[in-house]
Amino acid sequence: MSSALTRGVLAVVGRRDLPRPLDEHALLSALPMPVVLLDADNRFRFANHAAEQFLGISLVQLIQLRLSDLVPPDNPIFLLIEQVRDGDVTVSDHDLTLESPRLRKHGITVQGTPLPEEPGAVLLVLQDASAARTLDRQLTFRGAARSVTGMAAILAHEVKNPLSGIRGAAQLLEGSVSEADRELTVLIRDEADRIRGLVDRMEIFSEKPIERGPVNIHRVLEHVRRLAQSGFAAHIRFTEGYDPSLPSVLGNRDQLVQVLLNLVKNAAEAIIAAGNANGEITLMTAFQHGVRLAVPGSEQRVHLPLVVVVRDNGPGIPDDIRQHLFDPFVSSKPSGSGLGLALVAKVVSDHGGLIEVDSRPGRTEFRLHLPVLSDDATDTN
Ligand SMILES: Nc1ncnc2c1ncn2[C@@H]1O[C@H](COP(=O)(O)OP(=O)(O)OP(=O)(O)O)[C@@H](O)[C@H]1O
Ligand SMILES: [Mg+2]
């Protein structure tokens with residue numbers, strides 16, 4: 001095992017607050033994620049237990065092999081490895097197929113990292129379909145969002161006009177009816193307003209072209225946090241971790257505000273519903289080099305280096321709705337419309353981005369992957 005590889009681990013286990021140093025091999029071996037180390041000639045130098053299982057080959061056999069013994073030389077994984085070596089950066093690729101007579105794996109996410117003190121060596125973290133499945137699901141969410149597109153346009157058109165008539169009539173009546181009946185006219189007005197609000201939210205699903213420009217995502221996040229803290233998330237602690245060097249997103253500021261507001265609102269609602277007194281919402285941004293994602297139905301891969309994370313320590317997403325989380329009208333809340341995440345999926349997909357979800361009790365994380373503005377880094381929003 002390379003000393004470079006163990007160094008980071010040792011630095012962690014060597015901290016004074018831990019009772020005794022742990023064996024770094026044991027740690028790596030116990031890691032449930034498949035990890036392999038390749039040397040400069042793409043020979044296997046190390047594989048943990050998870051990797052042995054994943055590849056179906058024992059470590060003893062593996063260290064006699066090269067990567068090219070397992071996958072054909074035109075596999076994109078070799079390109080990824082070269083990029084790691086050339087750029088000396090971490091590169092990840094999603095939805096790879098590792099296929100050969102010995103191996104048959106689809107939808108694999110591979111992350112390659114250089115080892116600074118071991119020139120040419122590359123550490124590969126392989127992830128099975130589960131992570132990729134989230135992405136698949138995201139891709140189907142796009143379809144779900146589209147299916148309401150036509151309906152949204154019709155609703156907006158057909159409901160709004162008569163609705164304003166109803167509202168106006170109720171308002172007129174308010175002045176001339178008895179006190180007891182006024183309650184009813186107010187009810188009509190309030191309900192008309194509620195339906196209008198719903199229709200307004202639906203309208204975003206119609207395929208109207210949107211204006212896009214450079215958007216400073218931190219300003220968007222700050223705006224959303226302020227809105228949240230002065231309203232629905234007044235008693236919830238916010239933690240921020242922003243990468244200040246982040247370039248602008250090419251996007252529509254108002255729509256990105258809506259996306260983040262929906263995510264933060266869901267986070268706050270989950271915390272509040274659980275009665276969690278130590279509720280915390282974490283907002284983070286990061287620049288991830290080399291994140292490429294497959295565009296469905298094409299060979300194209302898009303670069304989505306900008307990551308925005310909304311995390312909460314609420315109870316997690318209920319099991320029964322996980323599969324349909326981003327579908328419209330899916331809600332576990334008595335008064336929820338179930339449009340929040342459908343809207344998020346639609347806007348993110350319109351921006352050419354992707355969204356991933358990872359949820360368990362005490363930790364729910366929505367990760368947006370967005371493209372950056374390529375040439376023009378100036379910021380007008
Ligand atoms: N951070 C979260 N923690 C736990 N559950 C969540 C979280 N975010 C979303 N959910 C679940 O996903 C469901 C769908 O969310 P979505 O935002 O689409 O609709 P909603 O919040 O129920 O209604 P609306 O957003 O229209 O008011 C929620 O009802 C909730 O069960
Ligand atoms: Mg919501």
# chains A, B, ... in the order shown; residues from 1 in each chain; ligands from 1
$ residues_near_ligand --ligand "ligand 1" --cutoff "9 Å" --atoms "only C-alpha atoms and all ligand atoms" --output "PDB file with C-alpha atoms, in the first residue's frame"
ATOM      1  CA  LEU A 198     -51.743  27.417  -7.391  1.00  0.00           C
ATOM      2  CA  ARG A 201     -47.138  27.986  -9.653  1.00  0.00           C
ATOM      3  CA  ASN A 262     -38.786  25.184  -2.472  1.00  0.00           C
ATOM      4  CA  LEU A 263     -35.893  23.058  -1.220  1.00  0.00           C
ATOM      5  CA  VAL A 264     -35.369  25.195   1.873  1.00  0.00           C
ATOM      6  CA  LYS A 265     -39.102  25.291   2.545  1.00  0.00           C
ATOM      7  CA  ASN A 266     -39.335  21.514   2.358  1.00  0.00           C
ATOM      8  CA  ALA A 267     -36.350  21.232   4.691  1.00  0.00           C
ATOM      9  CA  ALA A 268     -37.947  23.625   7.177  1.00  0.00           C
ATOM     10  CA  GLU A 269     -41.321  21.890   6.964  1.00  0.00           C
ATOM     11  CA  ALA A 270     -39.712  18.503   7.590  1.00  0.00           C
ATOM     12  CA  ILE A 271     -37.877  19.831  10.651  1.00  0.00           C
ATOM     13  CA  VAL A 310     -29.415  22.035   0.684  1.00  0.00           C
ATOM     14  CA  ARG A 311     -29.229  19.739   3.691  1.00  0.00           C
ATOM     15  CA  ASP A 312     -31.448  19.349   6.725  1.00  0.00           C
ATOM     16  CA  ASN A 313     -31.382  17.237   9.847  1.00  0.00           C
ATOM     17  CA  GLY A 314     -35.089  16.416   9.707  1.00  0.00           C
ATOM     18  CA  PRO A 315     -36.636  12.945   9.709  1.00  0.00           C
ATOM     19  CA  GLY A 316     -35.911  12.124   6.052  1.00  0.00           C
ATOM     20  CA  ILE A 317     -38.128  11.522   3.061  1.00  0.00           C
ATOM     21  CA  PRO A 318     -40.966   9.063   3.764  1.00  0.00           C
ATOM     22  CA  ILE A 321     -42.994   8.543  -1.774  1.00  0.00           C
ATOM     23  CA  ARG A 322     -39.289   8.201  -2.564  1.00  0.00           C
ATOM     24  CA  HIS A 324     -42.185   9.428  -7.027  1.00  0.00           C
ATOM     25  CA  LEU A 325     -40.600  12.282  -5.166  1.00  0.00           C
ATOM     26  CA  PHE A 326     -40.353  14.603  -8.142  1.00  0.00           C
ATOM     27  CA  ASP A 327     -43.699  13.755  -9.675  1.00  0.00           C
ATOM     28  CA  PRO A 328     -46.308  16.473  -9.480  1.00  0.00           C
ATOM     29  CA  PHE A 329     -49.002  16.156  -6.804  1.00  0.00           C
ATOM     30  CA  VAL A 330     -46.930  13.806  -4.662  1.00  0.00           C
ATOM     31  CA  SER A 331     -47.068  15.076  -1.107  1.00  0.00           C
ATOM     32  CA  SER A 332     -47.080  13.719   2.419  1.00  0.00           C
ATOM     33  CA  LYS A 333     -48.408  16.988   3.804  1.00  0.00           C
ATOM     34  CA  PRO A 334     -52.080  17.584   4.541  1.00  0.00           C
ATOM     35  CA  SER A 335     -52.009  20.962   2.818  1.00  0.00           C
ATOM     36  CA  GLY A 336     -49.164  20.351   0.370  1.00  0.00           C
ATOM     37  CA  SER A 337     -49.827  20.649  -3.336  1.00  0.00           C
ATOM     38  CA  GLY A 338     -46.887  18.401  -4.220  1.00  0.00           C
ATOM     39  CA  LEU A 339     -45.733  20.819  -6.865  1.00  0.00           C
ATOM     40  CA  GLY A 340     -42.569  22.051  -5.161  1.00  0.00           C
ATOM     41  CA  LEU A 341     -40.175  19.335  -6.271  1.00  0.00           C
ATOM     42  CA  ALA A 342     -41.842  18.899  -9.665  1.00  0.00           C
ATOM     43  CA  LEU A 343     -41.067  22.545 -10.232  1.00  0.00           C
ATOM     44  CA  VAL A 344     -37.510  22.069  -8.969  1.00  0.00           C
ATOM     45  CA  SER A 359     -32.027  10.958   2.469  1.00  0.00           C
ATOM     46  CA  ARG A 360     -31.999   9.075   5.723  1.00  0.00           C
ATOM     47  CA  PRO A 361     -33.372   9.949   9.150  1.00  0.00           C
ATOM     48  CA  ARG A 363     -29.870  13.865   7.125  1.00  0.00           C
ATOM     49  CA  THR A 364     -31.565  14.777   3.883  1.00  0.00           C
ATOM     50  CA  GLU A 365     -29.512  16.285   1.142  1.00  0.00           C
ATOM     51  CA  PHE A 366     -30.539  17.704  -2.204  1.00  0.00           C
TER      52      PHE A 366
END
$ select_by_dssp --residues "region 262-357 of chain A" --states "helix (DSSP H, G or I)" --output "PDB file with N, CA and C atoms, in the first residue's frame"
ATOM      1  N   ASN A 262     -38.020  26.427  -2.636  1.00  0.00           N
ATOM      2  CA  ASN A 262     -38.786  25.184  -2.472  1.00  0.00           C
ATOM      3  C   ASN A 262     -38.008  24.161  -1.665  1.00  0.00           C
ATOM      4  N   LEU A 263     -36.704  24.048  -1.947  1.00  0.00           N
ATOM      5  CA  LEU A 263     -35.893  23.058  -1.220  1.00  0.00           C
ATOM      6  C   LEU A 263     -35.767  23.439   0.250  1.00  0.00           C
ATOM      7  N   VAL A 264     -35.531  24.737   0.488  1.00  0.00           N
ATOM      8  CA  VAL A 264     -35.369  25.195   1.873  1.00  0.00           C
ATOM      9  C   VAL A 264     -36.703  25.093   2.621  1.00  0.00           C
ATOM     10  N   LYS A 265     -37.787  25.374   1.911  1.00  0.00           N
ATOM     11  CA  LYS A 265     -39.102  25.291   2.545  1.00  0.00           C
ATOM     12  C   LYS A 265     -39.404  23.831   2.925  1.00  0.00           C
ATOM     13  N   ASN A 266     -39.124  22.929   2.037  1.00  0.00           N
ATOM     14  CA  ASN A 266     -39.335  21.514   2.358  1.00  0.00           C
ATOM     15  C   ASN A 266     -38.498  21.108   3.565  1.00  0.00           C
ATOM     16  N   ALA A 267     -37.244  21.569   3.574  1.00  0.00           N
ATOM     17  CA  ALA A 267     -36.350  21.232   4.691  1.00  0.00           C
ATOM     18  C   ALA A 267     -36.940  21.762   5.994  1.00  0.00           C
ATOM     19  N   ALA A 268     -37.386  23.014   5.966  1.00  0.00           N
ATOM     20  CA  ALA A 268     -37.947  23.625   7.177  1.00  0.00           C
ATOM     21  C   ALA A 268     -39.221  22.895   7.595  1.00  0.00           C
ATOM     22  N   GLU A 269     -40.064  22.569   6.635  1.00  0.00           N
ATOM     23  CA  GLU A 269     -41.321  21.890   6.964  1.00  0.00           C
ATOM     24  C   GLU A 269     -41.065  20.515   7.570  1.00  0.00           C
ATOM     25  N   ALA A 270     -40.039  19.829   7.048  1.00  0.00           N
ATOM     26  CA  ALA A 270     -39.712  18.503   7.590  1.00  0.00           C
ATOM     27  C   ALA A 270     -39.250  18.628   9.040  1.00  0.00           C
ATOM     28  N   ILE A 271     -38.408  19.623   9.296  1.00  0.00           N
ATOM     29  CA  ILE A 271     -37.877  19.831  10.651  1.00  0.00           C
ATOM     30  C   ILE A 271     -39.021  20.199  11.607  1.00  0.00           C
ATOM     31  N   ILE A 272     -39.860  21.115  11.155  1.00  0.00           N
ATOM     32  CA  ILE A 272     -40.945  21.596  12.025  1.00  0.00           C
ATOM     33  C   ILE A 272     -41.946  20.468  12.301  1.00  0.00           C
ATOM     34  N   ALA A 273     -42.286  19.700  11.262  1.00  0.00           N
ATOM     35  CA  ALA A 273     -43.265  18.612  11.450  1.00  0.00           C
ATOM     36  C   ALA A 273     -42.758  17.584  12.447  1.00  0.00           C
ATOM     37  N   ASP A 319     -40.563   6.764   3.093  1.00  0.00           N
ATOM     38  CA  ASP A 319     -40.245   5.691   2.145  1.00  0.00           C
ATOM     39  C   ASP A 319     -41.246   5.577   1.008  1.00  0.00           C
ATOM     40  N   ASP A 320     -42.518   5.724   1.352  1.00  0.00           N
ATOM     41  CA  ASP A 320     -43.538   5.441   0.340  1.00  0.00           C
ATOM     42  C   ASP A 320     -43.582   6.454  -0.799  1.00  0.00           C
ATOM     43  N   ILE A 321     -42.932   7.600  -0.649  1.00  0.00           N
ATOM     44  CA  ILE A 321     -42.994   8.543  -1.774  1.00  0.00           C
ATOM     45  C   ILE A 321     -41.647   8.718  -2.475  1.00  0.00           C
ATOM     46  N   ARG A 322     -40.624   8.014  -1.980  1.00  0.00           N
ATOM     47  CA  ARG A 322     -39.289   8.201  -2.564  1.00  0.00           C
ATOM     48  C   ARG A 322     -39.251   8.012  -4.072  1.00  0.00           C
ATOM     49  N   GLN A 323     -39.903   6.964  -4.526  1.00  0.00           N
ATOM     50  CA  GLN A 323     -39.860   6.634  -5.953  1.00  0.00           C
ATOM     51  C   GLN A 323     -40.485   7.734  -6.814  1.00  0.00           C
ATOM     52  N   HIS A 324     -41.435   8.459  -6.222  1.00  0.00           N
ATOM     53  CA  HIS A 324     -42.185   9.428  -7.027  1.00  0.00           C
ATOM     54  C   HIS A 324     -41.967  10.844  -6.541  1.00  0.00           C
ATOM     55  N   GLY A 340     -43.883  21.459  -5.427  1.00  0.00           N
ATOM     56  CA  GLY A 340     -42.569  22.051  -5.161  1.00  0.00           C
ATOM     57  C   GLY A 340     -41.429  21.354  -5.886  1.00  0.00           C
ATOM     58  N   LEU A 341     -41.313  20.053  -5.693  1.00  0.00           N
ATOM     59  CA  LEU A 341     -40.175  19.335  -6.271  1.00  0.00           C
ATOM     60  C   LEU A 341     -40.359  19.094  -7.770  1.00  0.00           C
ATOM     61  N   ALA A 342     -41.608  19.013  -8.219  1.00  0.00           N
ATOM     62  CA  ALA A 342     -41.842  18.899  -9.665  1.00  0.00           C
ATOM     63  C   ALA A 342     -41.317  20.156 -10.346  1.00  0.00           C
ATOM     64  N   LEU A 343     -41.557  21.284  -9.698  1.00  0.00           N
ATOM     65  CA  LEU A 343     -41.067  22.545 -10.232  1.00  0.00           C
ATOM     66  C   LEU A 343     -39.533  22.586 -10.198  1.00  0.00           C
ATOM     67  N   VAL A 344     -38.971  22.114  -9.093  1.00  0.00           N
ATOM     68  CA  VAL A 344     -37.510  22.069  -8.969  1.00  0.00           C
ATOM     69  C   VAL A 344     -36.923  21.243 -10.123  1.00  0.00           C
ATOM     70  N   ALA A 345     -37.503  20.059 -10.363  1.00  0.00           N
ATOM     71  CA  ALA A 345     -36.991  19.173 -11.418  1.00  0.00           C
ATOM     72  C   ALA A 345     -37.085  19.850 -12.779  1.00  0.00           C
ATOM     73  N   LYS A 346     -38.189  20.510 -13.003  1.00  0.00           N
ATOM     74  CA  LYS A 346     -38.404  21.159 -14.302  1.00  0.00           C
ATOM     75  C   LYS A 346     -37.385  22.300 -14.522  1.00  0.00           C
ATOM     76  N   VAL A 347     -37.228  23.139 -13.510  1.00  0.00           N
ATOM     77  CA  VAL A 347     -36.327  24.285 -13.675  1.00  0.00           C
ATOM     78  C   VAL A 347     -34.874  23.812 -13.808  1.00  0.00           C
ATOM     79  N   VAL A 348     -34.497  22.851 -12.971  1.00  0.00           N
ATOM     80  CA  VAL A 348     -33.118  22.366 -13.035  1.00  0.00           C
ATOM     81  C   VAL A 348     -32.856  21.745 -14.399  1.00  0.00           C
ATOM     82  N   SER A 349     -33.822  20.998 -14.905  1.00  0.00           N
ATOM     83  CA  SER A 349     -33.612  20.381 -16.211  1.00  0.00           C
ATOM     84  C   SER A 349     -33.584  21.444 -17.318  1.00  0.00           C
ATOM     85  N   ASP A 350     -34.409  22.489 -17.198  1.00  0.00           N
ATOM     86  CA  ASP A 350     -34.351  23.587 -18.173  1.00  0.00           C
ATOM     87  C   ASP A 350     -32.985  24.286 -18.157  1.00  0.00           C
TER      88      ASP A 350
END
$ closest_residue --among "A:His303, A:Phe232, A:Leu38, A:His94" --to "ligand 2" --atoms "only C-alpha atoms and all ligand atoms"
A:Phe232
$ residues_around --residues "Asp254 (chain A)" --least-positions-apart "4" --cutoff "9 Å" --atoms "only C-alpha atoms" --output "list in words"
Val220, Gln258 and Val259 of chain A
$ write_last_selection --atoms "all heavy atoms" --output "JSON list (two decimals), in the first residue's frame"
[["chain", "number", "residue", "atom", "x", "y", "z"],
["A", 220, "VAL", "N", -28.30, 34.49, -4.66],
["A", 220, "VAL", "CA", -29.59, 33.78, -4.67],
["A", 220, "VAL", "C", -29.79, 33.07, -3.33],
["A", 220, "VAL", "O", -30.84, 33.17, -2.70],
["A", 220, "VAL", "CB", -29.63, 32.76, -5.84],
["A", 220, "VAL", "CG1", -30.84, 31.86, -5.72],
["A", 220, "VAL", "CG2", -29.65, 33.49, -7.18],
["A", 258, "GLN", "N", -36.74, 30.36, -6.88],
["A", 258, "GLN", "CA", -37.87, 29.47, -6.64],
["A", 258, "GLN", "C", -37.41, 28.06, -6.29],
["A", 258, "GLN", "O", -37.94, 27.43, -5.38],
["A", 258, "GLN", "CB", -38.74, 29.41, -7.88],
["A", 258, "GLN", "CG", -39.92, 30.37, -7.80],
["A", 258, "GLN", "CD", -40.78, 30.26, -9.04],
["A", 258, "GLN", "OE1", -40.27, 30.39, -10.16],
["A", 258, "GLN", "NE2", -42.06, 30.04, -8.85],
["A", 259, "VAL", "N", -36.42, 27.59, -7.04],
["A", 259, "VAL", "CA", -35.89, 26.23, -6.79],
["A", 259, "VAL", "C", -35.37, 26.13, -5.35],
["A", 259, "VAL", "O", -35.75, 25.22, -4.59],
["A", 259, "VAL", "CB", -34.75, 25.91, -7.79],
["A", 259, "VAL", "CG1", -33.92, 24.74, -7.31],
["A", 259, "VAL", "CG2", -35.34, 25.61, -9.16]]
$ closest_residue --among "A:Glu240, A:Ile77, A:Val307, A:Leu261" --to "ligand 2" --atoms "only C-alpha atoms and all ligand atoms"
A:Leu261
$ residues_around --residues "Ala170 (chain A)" --least-positions-apart "4" --cutoff "7 Å" --atoms "only C-alpha atoms" --output "list in words"
Ile166, Glu174, Thr185, Ile188 and Arg189 of chain A
$ write_last_selection --atoms "all heavy atoms" --output "mmCIF file, in the first residue's frame"
data_model
loop_
_atom_site.group_PDB
_atom_site.id
_atom_site.type_symbol
_atom_site.label_atom_id
_atom_site.label_comp_id
_atom_site.auth_asym_id
_atom_site.auth_seq_id
_atom_site.Cartn_x
_atom_site.Cartn_y
_atom_site.Cartn_z
ATOM 1 N N ILE A 166 -64.741 35.906 -10.568
ATOM 2 C CA ILE A 166 -65.355 35.427 -9.321
ATOM 3 C C ILE A 166 -64.872 36.270 -8.139
ATOM 4 O O ILE A 166 -65.636 36.715 -7.292
ATOM 5 C CB ILE A 166 -65.004 33.934 -9.079
ATOM 6 C CG1 ILE A 166 -65.652 33.067 -10.160
ATOM 7 C CG2 ILE A 166 -65.426 33.474 -7.696
ATOM 8 C CD1 ILE A 166 -65.200 31.618 -10.158
ATOM 9 N N GLU A 174 -69.189 42.018 -1.023
ATOM 10 C CA GLU A 174 -68.734 42.265 0.347
ATOM 11 C C GLU A 174 -69.302 43.560 0.924
ATOM 12 O O GLU A 174 -69.633 43.638 2.104
ATOM 13 C CB GLU A 174 -67.201 42.326 0.370
ATOM 14 C CG GLU A 174 -66.558 41.188 1.117
ATOM 15 C CD GLU A 174 -65.048 41.243 0.982
ATOM 16 O OE1 GLU A 174 -64.416 42.051 1.680
ATOM 17 O OE2 GLU A 174 -64.537 40.482 0.140
ATOM 18 N N THR A 185 -68.399 35.788 1.638
ATOM 19 C CA THR A 185 -67.755 36.456 0.500
ATOM 20 C C THR A 185 -66.237 36.481 0.691
ATOM 21 O O THR A 185 -65.477 36.327 -0.260
ATOM 22 C CB THR A 185 -68.284 37.899 0.316
ATOM 23 O OG1 THR A 185 -68.060 38.614 1.513
ATOM 24 C CG2 THR A 185 -69.751 37.907 -0.049
ATOM 25 N N ILE A 188 -64.963 33.181 -0.296
ATOM 26 C CA ILE A 188 -64.867 33.038 -1.760
ATOM 27 C C ILE A 188 -63.593 33.740 -2.254
ATOM 28 O O ILE A 188 -62.822 33.202 -3.047
ATOM 29 C CB ILE A 188 -66.113 33.652 -2.467
ATOM 30 C CG1 ILE A 188 -67.375 32.876 -2.080
ATOM 31 C CG2 ILE A 188 -65.926 33.638 -3.992
ATOM 32 C CD1 ILE A 188 -68.668 33.528 -2.566
ATOM 33 N N ARG A 189 -63.359 34.930 -1.744
ATOM 34 C CA ARG A 189 -62.182 35.702 -2.180
ATOM 35 C C ARG A 189 -60.876 34.973 -1.821
ATOM 36 O O ARG A 189 -59.981 34.822 -2.650
ATOM 37 C CB ARG A 189 -62.218 37.083 -1.511
ATOM 38 C CG ARG A 189 -61.184 38.038 -2.039
ATOM 39 C CD ARG A 189 -61.548 39.480 -1.763
ATOM 40 N NE ARG A 189 -61.939 39.742 -0.382
ATOM 41 C CZ ARG A 189 -61.090 40.034 0.598
ATOM 42 N NH1 ARG A 189 -59.807 40.079 0.367
ATOM 43 N NH2 ARG A 189 -61.525 40.284 1.813
#
$ closest_residue --among "A:Gly120, A:Pro114, A:Gly87, A:Gly362" --to "Asn276 (chain A)" --atoms "only C-alpha atoms"
A:Gly362
$ residues_around --residues "Arg43 (chain A)" --least-positions-apart "3" --cutoff "8 Å" --atoms "only C-alpha atoms" --output "list in words"
Leu38, Asp39, Ala40, Ile63, Gln64, Leu65, Arg66 and Leu67 of chain A
$ write_last_selection --atoms "N, CA and C atoms" --output "compact mmCIF listing (two decimals), in the first residue's frame"
# COMPACT_ATOMS: atom_id res chain seq x y z
N LEU A 38 -4.51 2.08 -8.72
CA LEU A 38 -3.76 1.67 -9.91
C LEU A 38 -2.41 2.35 -9.90
N ASP A 39 -1.38 1.66 -10.37
CA ASP A 39 -0.09 2.34 -10.48
C ASP A 39 -0.01 3.03 -11.84
N ALA A 40 1.16 3.60 -12.13
CA ALA A 40 1.30 4.40 -13.36
C ALA A 40 1.08 3.56 -14.62
N ILE A 63 -3.89 -8.10 -8.09
CA ILE A 63 -2.59 -7.43 -8.17
C ILE A 63 -1.70 -8.04 -9.26
N GLN A 64 -2.18 -9.09 -9.89
CA GLN A 64 -1.43 -9.61 -11.04
C GLN A 64 -2.00 -9.08 -12.35
N LEU A 65 -3.02 -8.24 -12.24
CA LEU A 65 -3.71 -7.79 -13.45
C LEU A 65 -3.53 -6.30 -13.69
N ARG A 66 -3.78 -5.93 -14.94
CA ARG A 66 -3.90 -4.52 -15.29
C ARG A 66 -5.38 -4.24 -15.52
N LEU A 67 -5.72 -2.95 -15.51
CA LEU A 67 -7.11 -2.59 -15.76
C LEU A 67 -7.55 -3.09 -17.13
$ residues_around --residues "region 223-225 of chain A" --least-positions-apart "5" --cutoff "9 Å" --atoms "only C-alpha atoms" --output "list in words"
His218, Ser230, Ala233, Phe238, Val257, Gln258, Leu260, Leu261, Val264 and Leu283 of chain A
$ write_last_selection --atoms "N, CA, C and O atoms" --output "tab-separated table (two decimals), in the first residue's frame"
chain	number	residue	atom	x	y	z
A	218	HIS	N	-24.57	32.67	-4.94
A	218	HIS	CA	-24.51	33.02	-3.52
A	218	HIS	C	-25.51	34.10	-3.15
A	218	HIS	O	-26.11	34.08	-2.08
A	230	SER	N	-37.09	35.14	7.72
A	230	SER	CA	-38.08	36.13	8.15
A	230	SER	C	-39.49	35.55	8.04
A	230	SER	O	-40.46	36.24	8.27
A	233	ALA	N	-39.05	29.79	8.28
A	233	ALA	CA	-37.96	29.10	8.99
A	233	ALA	C	-37.37	29.98	10.08
A	233	ALA	O	-36.17	29.93	10.37
A	238	PHE	N	-29.42	28.28	10.49
A	238	PHE	CA	-28.85	28.10	9.15
A	238	PHE	C	-27.33	28.05	9.25
A	238	PHE	O	-26.73	28.84	9.97
A	257	VAL	N	-34.19	31.20	-7.59
A	257	VAL	CA	-34.71	31.54	-6.27
A	257	VAL	C	-35.86	30.59	-5.93
A	257	VAL	O	-35.92	30.03	-4.83
A	258	GLN	N	-36.74	30.36	-6.88
A	258	GLN	CA	-37.87	29.47	-6.64
A	258	GLN	C	-37.41	28.06	-6.29
A	258	GLN	O	-37.94	27.43	-5.38
A	260	LEU	N	-34.52	27.07	-4.98
A	260	LEU	CA	-33.90	26.97	-3.66
A	260	LEU	C	-34.89	27.24	-2.55
A	260	LEU	O	-34.82	26.63	-1.49
A	261	LEU	N	-35.84	28.12	-2.83
A	261	LEU	CA	-36.87	28.39	-1.84
A	261	LEU	C	-37.70	27.13	-1.59
A	261	LEU	O	-38.01	26.80	-0.45
A	264	VAL	N	-35.53	24.74	0.49
A	264	VAL	CA	-35.37	25.19	1.87
A	264	VAL	C	-36.70	25.09	2.62
A	264	VAL	O	-36.74	24.71	3.79
A	283	LEU	N	-26.62	25.22	3.91
A	283	LEU	CA	-26.54	25.61	2.50
A	283	LEU	C	-25.06	25.61	2.12
A	283	LEU	O	-24.24	26.23	2.81
$ residues_around --residues "Val372 (chain A)" --least-positions-apart "3" --cutoff "7 Å" --atoms "only C-alpha atoms" --output "PyMOL selection string"
chain A and resi 247-250+305-306
